[in-house]
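Scroll down for the structure; my scribbles are underneath it.
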Amino acid sequence: MSAPEATAGGRRNDRLRRRKIVNRLMEGLAWLAAAIAVAILGIVVFSVARKGASELNLNLLTKPPVPFAPPDVAQGLGNAFIGTLIIVGIATVIALPVGILIAIYVSEFAGPWVKNAVTLTLDVLNGIPAIVIGIFVFGLIVVGRGQSGFAGGFALSILMLPLVARSTMEVLALVPNSLREASLGLGVPRWRTTLSIVLPQTIGGVVTGATLAVARVAGETAPLLFTSSIVGNQINWNPHHALQTVPVAIFELSESPSPDDHARAWAAAFVLMMFILFASLGARWLATRSRRKLMAR
Amino acid sequence: MSTIESALRVETKRAPLPPRERLEQVFDIEGLNAIYGAKPAVKGVTMEVYKNLVTAIIGPSGCGKSTFIRCLNRMNDLIPGFRQEGTIRYHGQNIGGNDVDPVAVRRTIGMVFQRPNPFPKSIYDNVAWGLRVLRMKDSLDERVERALTQAALWDEVKDRLKASGLSLSGGQQQRLCIARAIAVEPDVVLMDEPASALDPIATQAIEQLMHDLKNEYSFVIVTHNMQQAARVADMTAFFSISTGGEGARWGELIEYDDTTKIFTAPSDKRTEDYVTGRFG
Amino acid sequence: MSTLDATTESTRRLSGRRVHLGDLILQLVAGAATLAALVLVFLIVWKVIDGARPAIEQFGVGFVTHVGWDPVKQVFGAGSFLFGTAVTSLVALLLAAPLSLGIALFLTELAPGAIRGPVTALVETLAAIPSVVIGLWGILVLGPVLSDHVEPFLHDTLGFIPLFGTPGSGSSMFTAIIVLTIMILPIVSSISRELFLGVPSELKEAALGLGTTRWEMVRGVMFPYARGGIAAALILGLGRALGEAIAVTQVIGAFVGIQWNLFSPGDTLASRIAAEYQGATSNLEVASLIYLGLILLVFSLLVNLLAQWIVRTVARRQGLAS
């Protein structure tokens, strides 16, 4: 072997080795990134679980807070849990029908121009920071009238709307046109076809979308600061008044210097997080199952 | 002897047609143009469809057969950008106009589609739902049984009426769709290639069905299978593709006559070319 | 009834009312809902402008650059918080970008089948954790760890850079940056993951068939193919960071002014609004807070529209559906 060939071959091997090292390095970094993500999730969930689960008892969910009470007095965040239930309930009652109607209009009645406009609007709406939505509802309803559970529910419904509408639109698009034709061909009017044949096919997807939307807003704090945060310590069921909510309670407790308050914040955070995780994972599992059923037909 | 002619010979069950002046007209179509956006799909169709007969529409793919038949029950209205010109008189009344309710039209002119599309409901409900919605709720059970019997499906499903319509085979599903369509007592049944997705045995069942139900309904069937038309139809209309300037293509009615005449002694050379298999 | 009578009867029913009442009602009601959604965005913008009006009239556009927030003198300005927003969001994006892309690449190219599903689910779960819970963890767990260990280390080694000044308590811009990074991570990585999954395997195989390493294929084929979508994902992540009020206000402390030490407290547009809303001393201060909200709204709308535009142009070019 003459000298130049040997070096050329050697250089090529060097280059190849270097490229392989770079490749290995990048793969390692990718593994590291994934590990970091998993680790962060694990750390956060673990912290909340460890600190929260120990403080967990039924009182947390049922008893109202009693500030400055001695440690033996039973107290909890009952007002916050009930308030969240009511306010998220109001938000769902507003957002679900409106979102479904929007999806029906876009899917069954509108032309492509309207469809693009609506999709863009929903995406834009989705991107507006929750705190700005809070300011909006504050200016619209709270000014002059005071805070209320209704105002809080309305603010959360704005956050839910794009999620519900989008997911319903997706499921409506999955319903085959042949089904609509079958019904219309019989002489059944449009509205009956939509409500009795098309919509029932989408129930799984709608439930999934609604559940994911609920999971998203159950933990929202910012809009509630403006609409339902000035509350007393009693358990209140009346949405005409401002109601305490779990995220706002956690927020307030987290800013307090008292370790007892922190403990209760961890416990509430644990319950909230568990609820949201179960709802999200449950909804996603339902979604894959119903999508598989629709495809198989 | 060509296969068509042998098919015609076998089909002696078909009674000879009375002279056309004595037949009652169901459709009187004049100068029908069907246009998607700017492109005409079908131009200048003029023909009559007669009561209690099976009328077949044959022709090569792309000649507008489906578009034509869907004009007859205003199904094309569902396609954005569609426009219809000319007249379609149904028992004397123009059903192509803007003052006519397409939903009412579809109640008396039913349709069976190319791919079976039963509702995701039980077999019973597939037939009963239309009856309920269209306010024909009296003697529901009897009506369902009658429709399923006429569709030659009753014996196969009478013990499992609660089973899902989708659990049936392709041929059974299509017969279920036929039962669903005839349950609401239409006057005419339009069939858009009803057997093209089915196997020969299922196809034969549907052809037999049409023959047996002719005295109650009038059938208009689109088929790409000439032998089927020869077997089953009393009158046959042959459509073909015409071309024009700038690559324009549209469908036209070339010839419409007794099936026997179309297949043995067609007047137009294009018809003859098609039925003898020289093209298409 | 003879057949002739029956057909005449049925044809008589054909003409007449062309539109069904039910169709009309459904279309009207559904159309009204759609219109409401379209109007809502404009209503939000209008109402926010309306709420900020006293401050706009008082301070004009100078509000945007004025650094200072003085309830005593009743002079307010957004400059300090624009700085805080810019620093925290951009640095968080800088940190989150490589991490998210790494995770996405891992999930699409490297992960063995068994862990692909669970890890994907885990990353998406990170998105589901409410910001107030991350903020709580930030105050009580992350903050102390950062201020006790990480910040002194960074100050000792890199203290010559003004960014890494004297460490303070757990409440600092640095903690906020880490928190924001955690929040941006799931969004950018899940969008990037879908983008990478959409790269046609023929392109990838073409590169690999030439003898390139996997990394070279990623760099040469996948990144260029997906670059539009990645840009959109990053911009959407930025939008998330801009708008985050709660977790940031929990960990960033409070500060008015411009200073470059990441380890001391700061404030962003969103966090200022959240922090001061309940303690606002006057109508002018409330209006000024809403003015901050208006600036935030304008930024997030611009960012969002930019991302949507990228998605729609890139998607159209590549024939993808968004």
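Please note that chains go A, B, ... in the order of the structure tokens, that every chain numbers its residues from 1, and that ligands are numbered from 1 in the order shown.
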Could you pull out the residues in stretch 115-276 of chain A that DSSP calls alpha helix (DSSP H) from the backbone, as a PyMOL selection string? chain A and resi 115-127+130-137+149-174+177-185+190-192+203-218+222-227+246-254+259-276
Exercise answer, chain A residues close to chain C, 6 Å and only C-alpha atoms, as a tab-separated table (two decimals) with C-alpha atoms, in the first residue's frame:
chain	number	residue	atom	x	y	z
A	23	ASN	CA	-23.98	10.93	16.69
A	30	ALA	CA	-31.75	13.33	23.52
A	33	ALA	CA	-33.59	15.58	27.65
A	34	ALA	CA	-36.24	12.89	27.96
A	41	LEU	CA	-42.65	15.44	36.24
A	98	VAL	CA	-72.33	26.68	22.72
A	101	LEU	CA	-73.64	24.37	18.34
A	102	ILE	CA	-70.60	26.06	16.84
A	105	TYR	CA	-72.85	25.09	12.32
A	129	PRO	CA	-53.85	34.65	28.35
A	132	VAL	CA	-56.67	38.88	30.18
A	136	PHE	CA	-62.40	41.12	30.29
A	190	ARG	CA	-81.61	18.35	7.69
A	191	TRP	CA	-82.12	19.23	11.33
A	219	GLY	CA	-56.91	24.40	37.88
A	254	SER	CA	-48.99	29.57	49.02
A	269	ALA	CA	-52.92	20.74	45.40
Using 10 Å as the limit and counting only C-alpha atoms, can you tabulate each residue of chain B that touches chain A, with its shortest atom-to-atom distance in Å and the two atoms involved, as a tab-separated table?
residue	atom	partner	partner_atom	distance
B:Arg70	CA	A:Gly185	CA	10.0
B:Asn73	CA	A:Gly185	CA	8.0
B:Arg74	CA	A:Gly185	CA	9.2
B:Met75	CA	A:Gly185	CA	7.2
B:Leu78	CA	A:Glu181	CA	8.9
B:Pro80	CA	A:Gly111	CA	8.4
B:Pro102	CA	A:Gly187	CA	7.9
B:Val103	CA	A:Gly187	CA	4.8
B:Ala104	CA	A:Gly187	CA	6.2
B:Val105	CA	A:Gly187	CA	7.2
B:Arg106	CA	A:Gly187	CA	4.4
B:Arg107	CA	A:Gly187	CA	4.3
B:Thr108	CA	A:Gly187	CA	7.9
B:Ile109	CA	A:Leu186	CA	8.3
B:Gly110	CA	A:Leu186	CA	6.0
B:Met111	CA	A:Gly185	CA	5.8
B:Val112	CA	A:Ala182	CA	8.1
B:Phe113	CA	A:Ala182	CA	7.9
B:Gln114	CA	A:Ser178	CA	9.8
B:Arg115	CA	A:Ser178	CA	8.2
B:Pro116	CA	A:Ser178	CA	8.7
B:Asn117	CA	A:Ser178	CA	6.1
B:Pro118	CA	A:Ala182	CA	7.4
B:Phe119	CA	A:Leu179	CA	6.7
B:Pro120	CA	A:Gln201	CA	8.5
B:Lys121	CA	A:Ile197	CA	9.6
B:Trp129	CA	A:Ser183	CA	9.7
B:Gly130	CA	A:Leu186	CA	6.9
B:Leu131	CA	A:Leu186	CA	9.5
B:Val133	CA	A:Val188	CA	7.2
B:Leu134	CA	A:Val188	CA	7.2
B:Leu166	CA	A:Arg297	CA	8.0
B:Ser167	CA	A:Arg297	CA	9.9
B:Cys177	CA	A:Ala182	CA	8.4
B:Arg180	CA	A:Leu186	CA	8.2
B:Ala181	CA	A:Leu186	CA	6.4
B:Ile182	CA	A:Leu186	CA	9.3
B:Ala183	CA	A:Leu186	CA	9.7
B:Val184	CA	A:Leu186	CA	7.7
B:Pro186	CA	A:Leu186	CA	9.0
B:Leu190	CA	A:Gly185	CA	10.0
Save out the residues we just selected, C-alpha atoms, as a JSON list (two decimals), in the first residue's frame.
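See selection.json below for the written result:
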[["chain", "number", "residue", "atom", "x", "y", "z"],
["B", 70, "ARG", "CA", -79.46, 12.06, -8.25],
["B", 73, "ASN", "CA", -84.61, 13.14, -6.04],
["B", 74, "ARG", "CA", -82.73, 16.41, -5.59],
["B", 75, "MET", "CA", -79.81, 14.70, -3.83],
["B", 78, "LEU", "CA", -76.36, 18.75, -1.10],
["B", 80, "PRO", "CA", -72.19, 23.08, -3.03],
["B", 102, "PRO", "CA", -86.48, 18.66, -1.75],
["B", 103, "VAL", "CA", -87.30, 16.89, 1.50],
["B", 104, "ALA", "CA", -90.84, 16.17, 0.32],
["B", 105, "VAL", "CA", -89.49, 15.00, -3.02],
["B", 106, "ARG", "CA", -87.23, 12.50, -1.30],
["B", 107, "ARG", "CA", -90.13, 11.08, 0.68],
["B", 108, "THR", "CA", -91.84, 9.82, -2.44],
["B", 109, "ILE", "CA", -88.74, 9.19, -4.50],
["B", 110, "GLY", "CA", -86.50, 6.95, -2.46],
["B", 111, "MET", "CA", -82.88, 6.01, -3.02],
["B", 112, "VAL", "CA", -80.57, 3.07, -2.46],
["B", 113, "PHE", "CA", -76.87, 3.88, -2.66],
["B", 114, "GLN", "CA", -73.86, 2.16, -4.11],
["B", 115, "ARG", "CA", -72.32, 1.20, -0.80],
["B", 116, "PRO", "CA", -74.75, -0.16, 1.79],
["B", 117, "ASN", "CA", -75.17, 2.51, 4.47],
["B", 118, "PRO", "CA", -77.40, 1.15, 7.23],
["B", 119, "PHE", "CA", -77.76, 3.28, 10.33],
["B", 120, "PRO", "CA", -75.75, 2.25, 13.39],
["B", 121, "LYS", "CA", -78.98, 1.00, 14.93],
["B", 129, "TRP", "CA", -86.69, 4.94, 12.50],
["B", 130, "GLY", "CA", -87.67, 6.39, 9.13],
["B", 131, "LEU", "CA", -91.27, 5.38, 9.75],
["B", 133, "VAL", "CA", -89.72, 10.28, 11.90],
["B", 134, "LEU", "CA", -92.02, 10.46, 8.88],
["B", 166, "LEU", "CA", -73.89, -3.41, 10.84],
["B", 167, "SER", "CA", -73.51, -7.04, 11.88],
["B", 177, "CYS", "CA", -81.23, -0.44, 3.01],
["B", 180, "ARG", "CA", -85.60, 0.92, 4.85],
["B", 181, "ALA", "CA", -86.32, 2.76, 1.61],
["B", 182, "ILE", "CA", -89.51, 0.90, 0.71],
["B", 183, "ALA", "CA", -90.87, 0.93, 4.24],
["B", 184, "VAL", "CA", -91.78, 4.59, 3.89],
["B", 186, "PRO", "CA", -92.19, 5.70, -1.89],
["B", 190, "LEU", "CA", -83.83, 5.06, -7.43]]
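In this structure, atom CA of B:Glu145 sits 13.9 Å away from atom CA of B:Ser122.
For A:Thr227, the non-local neighbours within 9 Å, defined as residues at least 6 positions apart in the same chain or in other chains and counting only C-alpha atoms, are Gly134, Ile135, Val137, Phe138, Ile141, Val142, Gly146, Gln147, Ser148, Gly149, Phe150, Ala151, Gly152, Gly153, Ala155 and Ala242 of chain A.
The spacing separating atom CA of B:Arg22 from atom CA of B:His211 amounts to 20.7 Å.
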With the cut-off set at 12 Å and counting only C-alpha atoms, tabulate each residue of chain B with an atom at most that distance from an atom of chain C, showing the nearest atom pair and its distance in Å to one decimal, ordered by chain and increasing number, as CSV.
residue,atom,partner,partner_atom,distance
B:Glu24,CA,C:Leu4,CA,9.8
B:Gln25,CA,C:Leu4,CA,11.3
B:Val26,CA,C:Thr7,CA,9.6
B:Lys51,CA,C:Thr3,CA,10.9
B:Asn52,CA,C:Thr3,CA,11.5
B:Asn73,CA,C:Leu14,CA,11.5
B:Arg89,CA,C:Thr11,CA,10.5
B:Tyr90,CA,C:Thr11,CA,7.8
B:His91,CA,C:Thr11,CA,7.2
B:Gly92,CA,C:Thr11,CA,8.7
B:Gln93,CA,C:Thr11,CA,7.1
B:Asn94,CA,C:Ser15,CA,9.2
B:Ile95,CA,C:Leu14,CA,7.7
B:Gly96,CA,C:Ser15,CA,10.6
B:Gly97,CA,C:Ser15,CA,9.3
B:Asn98,CA,C:Arg18,CA,7.9
B:Asp99,CA,C:Arg18,CA,6.2
B:Val100,CA,C:Ser15,CA,4.5
B:Asp101,CA,C:Arg18,CA,4.4
B:Pro102,CA,C:Arg18,CA,7.5
B:Val103,CA,C:Arg18,CA,8.5
B:Ala104,CA,C:Leu14,CA,5.3
B:Val105,CA,C:Leu14,CA,6.0
B:Arg106,CA,C:Leu14,CA,9.5
B:Arg107,CA,C:Ser10,CA,9.3
B:Thr108,CA,C:Ser10,CA,7.4
B:Ile109,CA,C:Ser10,CA,10.6
B:Glu185,CA,C:Ser10,CA,11.0
B:Pro186,CA,C:Ser10,CA,9.7
B:Asp187,CA,C:Thr7,CA,7.7
B:Val188,CA,C:Thr7,CA,10.8
B:Asn215,CA,C:Thr3,CA,11.5
B:Glu216,CA,C:Thr3,CA,10.0
B:Tyr217,CA,C:Thr3,CA,11.2
Can you pull out the residues contacting C:Ala231? Cut-off 10 Å, using only C-alpha atoms, and skip same-chain residues under 2 positions away; I want them as a PDB file with C-alpha atoms, in the first residue's frame.
ATOM      1  CA  VAL C 188     -43.193  22.640  22.183  1.00  0.00           C
ATOM      2  CA  SER C 192     -42.464  18.950  17.542  1.00  0.00           C
ATOM      3  CA  ALA C 226     -40.134  20.587   9.966  1.00  0.00           C
ATOM      4  CA  ARG C 227     -38.566  23.975  10.460  1.00  0.00           C
ATOM      5  CA  GLY C 228     -41.767  25.929   9.805  1.00  0.00           C
ATOM      6  CA  GLY C 229     -43.711  23.887  12.290  1.00  0.00           C
ATOM      7  CA  ALA C 233     -44.270  25.556  18.102  1.00  0.00           C
ATOM      8  CA  LEU C 234     -41.626  27.795  19.625  1.00  0.00           C
ATOM      9  CA  ILE C 235     -43.767  30.835  19.065  1.00  0.00           C
ATOM     10  CA  LEU C 236     -46.745  29.145  20.677  1.00  0.00           C
ATOM     11  CA  GLY C 237     -44.534  28.216  23.613  1.00  0.00           C
ATOM     12  CA  LEU C 306     -47.814  34.846  13.771  1.00  0.00           C
ATOM     13  CA  ALA C 307     -47.833  31.208  14.840  1.00  0.00           C
ATOM     14  CA  ILE C 310     -46.765  30.102   9.925  1.00  0.00           C
ATOM     15  CA  VAL C 311     -48.789  26.959  10.447  1.00  0.00           C
TER      16      VAL C 311
END
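For the set C:Ala78, C:Val72, C:Ile252, C:Leu94, the residue with the smallest atom-to-atom gap to C:Phe59 is C:Ala78, counting only C-alpha atoms.
Atom pair atom CA of B:Ser240 / atom CA of B:Ile221 has a distance of 16.1 Å (rounded to one decimal).
With distances taken over only C-alpha atoms, A:Ser290 is the one residue among A:Thr62, A:Ser229, A:Ser290, A:Gln75 lying closest to A:Ile203.
If you measure from each of A:Ile131, A:Leu156, A:Ile86, A:Ala95 to A:Asn238 using only C-alpha atoms, the closest one turns out to be A:Ile86.
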